[in-house]
Protein chains: 2
Amino acid sequence: MEGFELNILGCGSALPTTRHQATSQVINLRNKSYMVDCGENTQTQMRRMRINFNRLNHIFISHLHGDHCFGLPGLLSTLGMLGRTGELIIHGPKELKDFLNPVLAVFGKGLPYPVRIEEIDTTTSELIWEDAGLKVYTIPLMHRLPTTGFLFEEKQKEPHIIREMTDFYRIPLRELPRIKRGEDFVTPEGEVIPHTRLTRPAEPAKHYAYCSDTAFYEKVIPIIEGVDLLYHEATFGETDAARARETFHSTARQAAEIARRANVKKLLIGHYSARYEDVRFLQEEADAVFPGTLLANEGMKLTV
Amino acid sequence: MEGFELNILGCGSALPTTRHQATSQVINLRNKSYMVDCGENTQTQMRRMRINFNRLNHIFISHLHGDHCFGLPGLLSTLGMLGRTGELIIHGPKELKDFLNPVLAVFGKGLPYPVRIEEIDTTTSELIWEDAGLKVYTIPLMHRLPTTGFLFEEKQKEPHIIREMTDFYRIPLRELPRIKRGEDFVTPEGEVIPHTRLTRPAEPAKHYAYCSDTAFYEKVIPIIEGVDLLYHEATFGETDAARARETFHSTARQAAEIARRANVKKLLIGHYSARYEDVRFLQEEADAVFPGTLLANEGMKLTV
């Protein structure tokens, strides 16, 4: 696939139910996969959604609550049994090592691939990963323990060559990379053909922000300004706003407020409290502030 | 419930699939629950099967492979969130502490109940638990690392009083406990009424044996002799017998061979390799040696 695709593997909260799994998402971008959080049963959800295990090289853990990381031991074991050899990089707050290192000591002896744990500073927004396709920045959040969201910025792709035009001007193939990078073409007769006549722009690069778990926290607004898609936790409805405050979670309305003030293009809410049998009212509450709010659900695939 | 009920929460093997969950079972007996193994996603399977979280006081772990214990962190957290206060006892080989203690150090700070880890000697068959309803013995197995099965022996219930007879002889209520325990009744006139005339025997006590994971291992036979139900792993079919040998697992035929030679009343097989889309052929292979073999499946409830 070429686009920027988001897969929702789980969007429940601390208590898993038969309706919602613990949190996990997978971003597919230019044939690579990036996982965000890894609650219990994530590996089975990957199979259910037919997500390729081999393309996954990075896992980003927002914080060390079990519903965001208890799927790691099983997933790491399974990757080993599937014969993985390439390094797996797991990014997370410093407590991640206290959890994973003992697990690897007991269960990781025969693991045929290396696991690298990269420690995240949860107090500041900074670039933590960059490759050919994207940059990943942290988003400090406000929760009961050190927590960070993640901003995934796709890199701008090069423009597409307009074949009819390059044929017309008889431009040699070897010139095309330069033209793509923005250089004009000069014919043997000295005529300058502007690169803009020879190319059409690629799709604009997409930006996705993940904010979970967090209380209502205005400091994220400038960091996520204008993203194409924001996933924001909406654990509670307005009637449970006091409970949201106590537990450092957000209401659906607060999620929408953040989305509106950050001028994001789309809002997706999730991390629903187990107390709600039906979460459509959360969508309604968010919708009143940010029209068109989407409700996350297990198995959902979205093009950012 | 009064009977001896076995619930199959998961009967897959190391690689979970969309067809089978990692291993876990729950025995319900006289309003108490006992869990055997706790693979990833066990807590959700408990919800799906409507198994009461409050009645669970013991978890027995056969060995430290992830598909038998990676559900513990999530289950332990959830029991805490549900407000548990009573002690939870987890029985397992000594490696269990190396896994669980660090998990409890990171995630167990606010846990409102104590967790006690009881170390099992996997080299000998011995009594490891006894309460009013049952005795639990270990069954040394032959696997790639220290592994034990478990024999659950229900205690014989007292006989039922035949009300018409005790009324007829005008036996005072205070005498009934003694009669239940096997004493005869002597009337004021000196007539001896044998207790067998005043009572009818209770249902015979049931015995259940759990043998997973293990290679074909004859030494279990005398320990499980005559049990009402044997769960024996049957990871592979006969065509993969070499693979079974290499990995210290059993074929369905070998499971049936153990069942036949131990004169068990019923055989239930499970722990199916992920390579088989359809496991009915395992039943056929076992059936040829032990007719009436049952195939375990997620959601299955059996009366032992």
# chains A, B, ... in the order shown; residues from 1 in each chain; ligands from 1
>>> interface_residues(of="chain A", to="chain B", cutoff="8 Å", atoms="only C-alpha atoms", output="PyMOL selection string")
chain A and resi 14-18+40-41+43-44+47-48+65-67+70-71+73-74+77-78+81+95+98-99+102-103+106-107
>>> write_last_selection(atoms="N, CA, C and O atoms", output="mmCIF file, in the first residue's frame")
data_model
loop_
_atom_site.group_PDB
_atom_site.id
_atom_site.type_symbol
_atom_site.label_atom_id
_atom_site.label_comp_id
_atom_site.auth_asym_id
_atom_site.auth_seq_id
_atom_site.Cartn_x
_atom_site.Cartn_y
_atom_site.Cartn_z
ATOM 1 N N ALA A 14 -9.040 0.428 30.671
ATOM 2 C CA ALA A 14 -8.334 -0.474 31.587
ATOM 3 C C ALA A 14 -8.976 -1.852 31.722
ATOM 4 O O ALA A 14 -8.285 -2.859 31.735
ATOM 5 N N LEU A 15 -10.289 -1.900 31.840
ATOM 6 C CA LEU A 15 -10.955 -3.190 31.971
ATOM 7 C C LEU A 15 -11.393 -3.682 30.607
ATOM 8 O O LEU A 15 -12.323 -3.138 30.033
ATOM 9 N N PRO A 16 -10.739 -4.703 30.074
ATOM 10 C CA PRO A 16 -11.214 -5.201 28.783
ATOM 11 C C PRO A 16 -12.595 -5.832 28.926
ATOM 12 O O PRO A 16 -12.937 -6.346 29.996
ATOM 13 N N THR A 17 -13.375 -5.742 27.894
ATOM 14 C CA THR A 17 -14.723 -6.303 27.908
ATOM 15 C C THR A 17 -14.869 -7.189 26.677
ATOM 16 O O THR A 17 -13.936 -7.329 25.889
ATOM 17 N N THR A 18 -16.025 -7.780 26.522
ATOM 18 C CA THR A 18 -16.240 -8.548 25.304
ATOM 19 C C THR A 18 -16.530 -7.609 24.136
ATOM 20 O O THR A 18 -16.511 -8.029 22.985
ATOM 21 N N GLU A 40 -3.132 -6.215 25.940
ATOM 22 C CA GLU A 40 -3.285 -7.673 25.878
ATOM 23 C C GLU A 40 -4.109 -8.066 24.659
ATOM 24 O O GLU A 40 -5.088 -7.422 24.322
ATOM 25 N N ASN A 41 -3.681 -9.146 24.016
ATOM 26 C CA ASN A 41 -4.393 -9.724 22.869
ATOM 27 C C ASN A 41 -4.150 -8.985 21.549
ATOM 28 O O ASN A 41 -4.800 -9.281 20.543
ATOM 29 N N GLN A 43 -1.688 -9.311 19.493
ATOM 30 C CA GLN A 43 -1.224 -10.199 18.432
ATOM 31 C C GLN A 43 -2.383 -10.911 17.730
ATOM 32 O O GLN A 43 -2.357 -11.097 16.513
ATOM 33 N N THR A 44 -3.394 -11.278 18.506
ATOM 34 C CA THR A 44 -4.542 -11.947 17.874
ATOM 35 C C THR A 44 -5.333 -10.954 17.019
ATOM 36 O O THR A 44 -5.824 -11.298 15.942
ATOM 37 N N ARG A 47 -3.751 -10.693 13.673
ATOM 38 C CA ARG A 47 -4.140 -11.788 12.781
ATOM 39 C C ARG A 47 -5.543 -11.555 12.230
ATOM 40 O O ARG A 47 -5.804 -11.760 11.058
ATOM 41 N N ARG A 48 -6.429 -11.136 13.108
ATOM 42 C CA ARG A 48 -7.814 -10.924 12.718
ATOM 43 C C ARG A 48 -7.882 -9.864 11.610
ATOM 44 O O ARG A 48 -8.679 -9.973 10.686
ATOM 45 N N HIS A 65 0.736 1.636 31.780
ATOM 46 C CA HIS A 65 -0.439 0.990 32.342
ATOM 47 C C HIS A 65 -0.669 -0.280 31.519
ATOM 48 O O HIS A 65 -0.450 -0.290 30.308
ATOM 49 N N GLY A 66 -1.134 -1.329 32.221
ATOM 50 C CA GLY A 66 -1.212 -2.636 31.593
ATOM 51 C C GLY A 66 -2.017 -2.671 30.309
ATOM 52 O O GLY A 66 -1.665 -3.382 29.367
ATOM 53 N N ASP A 67 -3.078 -1.886 30.241
ATOM 54 C CA ASP A 67 -3.937 -1.935 29.052
ATOM 55 C C ASP A 67 -3.253 -1.299 27.833
ATOM 56 O O ASP A 67 -3.842 -1.284 26.743
ATOM 57 N N PHE A 70 0.469 -4.819 28.032
ATOM 58 C CA PHE A 70 0.503 -6.231 28.428
ATOM 59 C C PHE A 70 0.471 -7.193 27.230
ATOM 60 O O PHE A 70 0.594 -8.404 27.412
ATOM 61 N N GLY A 71 0.318 -6.693 26.040
ATOM 62 C CA GLY A 71 0.409 -7.556 24.862
ATOM 63 C C GLY A 71 1.831 -7.750 24.373
ATOM 64 O O GLY A 71 2.072 -8.578 23.488
ATOM 65 N N PRO A 73 4.704 -9.119 25.814
ATOM 66 C CA PRO A 73 5.361 -10.418 25.947
ATOM 67 C C PRO A 73 4.897 -11.424 24.887
ATOM 68 O O PRO A 73 5.725 -12.098 24.263
ATOM 69 N N GLY A 74 3.604 -11.495 24.669
ATOM 70 C CA GLY A 74 3.079 -12.444 23.689
ATOM 71 C C GLY A 74 3.488 -12.091 22.270
ATOM 72 O O GLY A 74 3.886 -12.956 21.485
ATOM 73 N N SER A 77 7.198 -12.886 21.715
ATOM 74 C CA SER A 77 7.401 -14.334 21.580
ATOM 75 C C SER A 77 6.970 -14.814 20.200
ATOM 76 O O SER A 77 7.676 -15.577 19.542
ATOM 77 N N THR A 78 5.813 -14.338 19.789
ATOM 78 C CA THR A 78 5.277 -14.778 18.501
ATOM 79 C C THR A 78 6.177 -14.339 17.344
ATOM 80 O O THR A 78 6.439 -15.113 16.422
ATOM 81 N N MET A 81 8.819 -16.842 17.129
ATOM 82 C CA MET A 81 8.383 -18.126 16.562
ATOM 83 C C MET A 81 8.150 -18.024 15.063
ATOM 84 O O MET A 81 8.273 -19.003 14.344
ATOM 85 N N GLU A 95 10.123 3.424 32.509
ATOM 86 C CA GLU A 95 9.601 2.271 33.251
ATOM 87 C C GLU A 95 9.434 1.039 32.346
ATOM 88 O O GLU A 95 9.311 -0.095 32.835
ATOM 89 N N ASP A 98 11.844 -1.682 33.086
ATOM 90 C CA ASP A 98 11.607 -2.445 34.322
ATOM 91 C C ASP A 98 10.623 -3.578 34.081
ATOM 92 O O ASP A 98 10.651 -4.608 34.755
ATOM 93 N N PHE A 99 9.732 -3.367 33.131
ATOM 94 C CA PHE A 99 8.761 -4.405 32.778
ATOM 95 C C PHE A 99 9.371 -5.409 31.795
ATOM 96 O O PHE A 99 9.330 -6.619 32.016
ATOM 97 N N PRO A 102 12.994 -7.989 32.569
ATOM 98 C CA PRO A 102 12.805 -9.293 33.237
ATOM 99 C C PRO A 102 12.035 -10.291 32.371
ATOM 100 O O PRO A 102 12.335 -11.489 32.386
ATOM 101 N N VAL A 103 11.058 -9.813 31.610
ATOM 102 C CA VAL A 103 10.308 -10.701 30.715
ATOM 103 C C VAL A 103 11.264 -11.309 29.687
ATOM 104 O O VAL A 103 11.247 -12.519 29.443
ATOM 105 N N VAL A 106 13.483 -14.062 31.192
ATOM 106 C CA VAL A 106 12.855 -15.373 31.410
ATOM 107 C C VAL A 106 12.463 -16.034 30.087
ATOM 108 O O VAL A 106 12.667 -17.230 29.901
ATOM 109 N N PHE A 107 11.912 -15.245 29.154
ATOM 110 C CA PHE A 107 11.310 -15.830 27.954
ATOM 111 C C PHE A 107 12.093 -15.555 26.675
ATOM 112 O O PHE A 107 11.774 -16.111 25.627
#
>>> select_by_dssp(residues="segment 5-204 of chain B", states="strand (DSSP E or B)", output="ChimeraX atom specification")
/B:5-10,12,24-29,32-38,56-60,88-92,115-119,127-130,134-140,148-154,160-161,185-186,192-193,199-200
>>> atom_distance(atom1="atom CA of Thr187 of chain A", atom2="atom CA of Glu158 of chain A")
22.4 Å
>>> residues_around(residues="segment 240-254 of chain B", least_positions_apart="3", cutoff="7 Å", atoms="only C-alpha atoms", output="PyMOL selection string")
chain B and resi 142-144+213-216+233-237+257-258+282+285-286+289
>>> select_by_dssp(residues="segment 187-264 of chain A", states="alpha helix (DSSP H)", output="list of chain:residue names")
A:His195, A:Thr196, A:Arg197, A:Leu198, A:Ile221, A:Pro222, A:Ile223, A:Ile224, A:Ala241, A:Ala242, A:Arg243, A:Ala244, A:Arg245, A:Glu246, A:Thr247, A:Ala252, A:Arg253, A:Gln254, A:Ala255, A:Ala256, A:Glu257, A:Ile258, A:Ala259, A:Arg260, A:Arg261
>>> atom_distance(atom1="atom CA of Glu203 of chain A", atom2="atom CA of Leu6 of chain A")
17.2 Å
>>> atom_distance(atom1="atom CA of Glu284 of chain B", atom2="atom CA of Cys38 of chain B")
28.2 Å
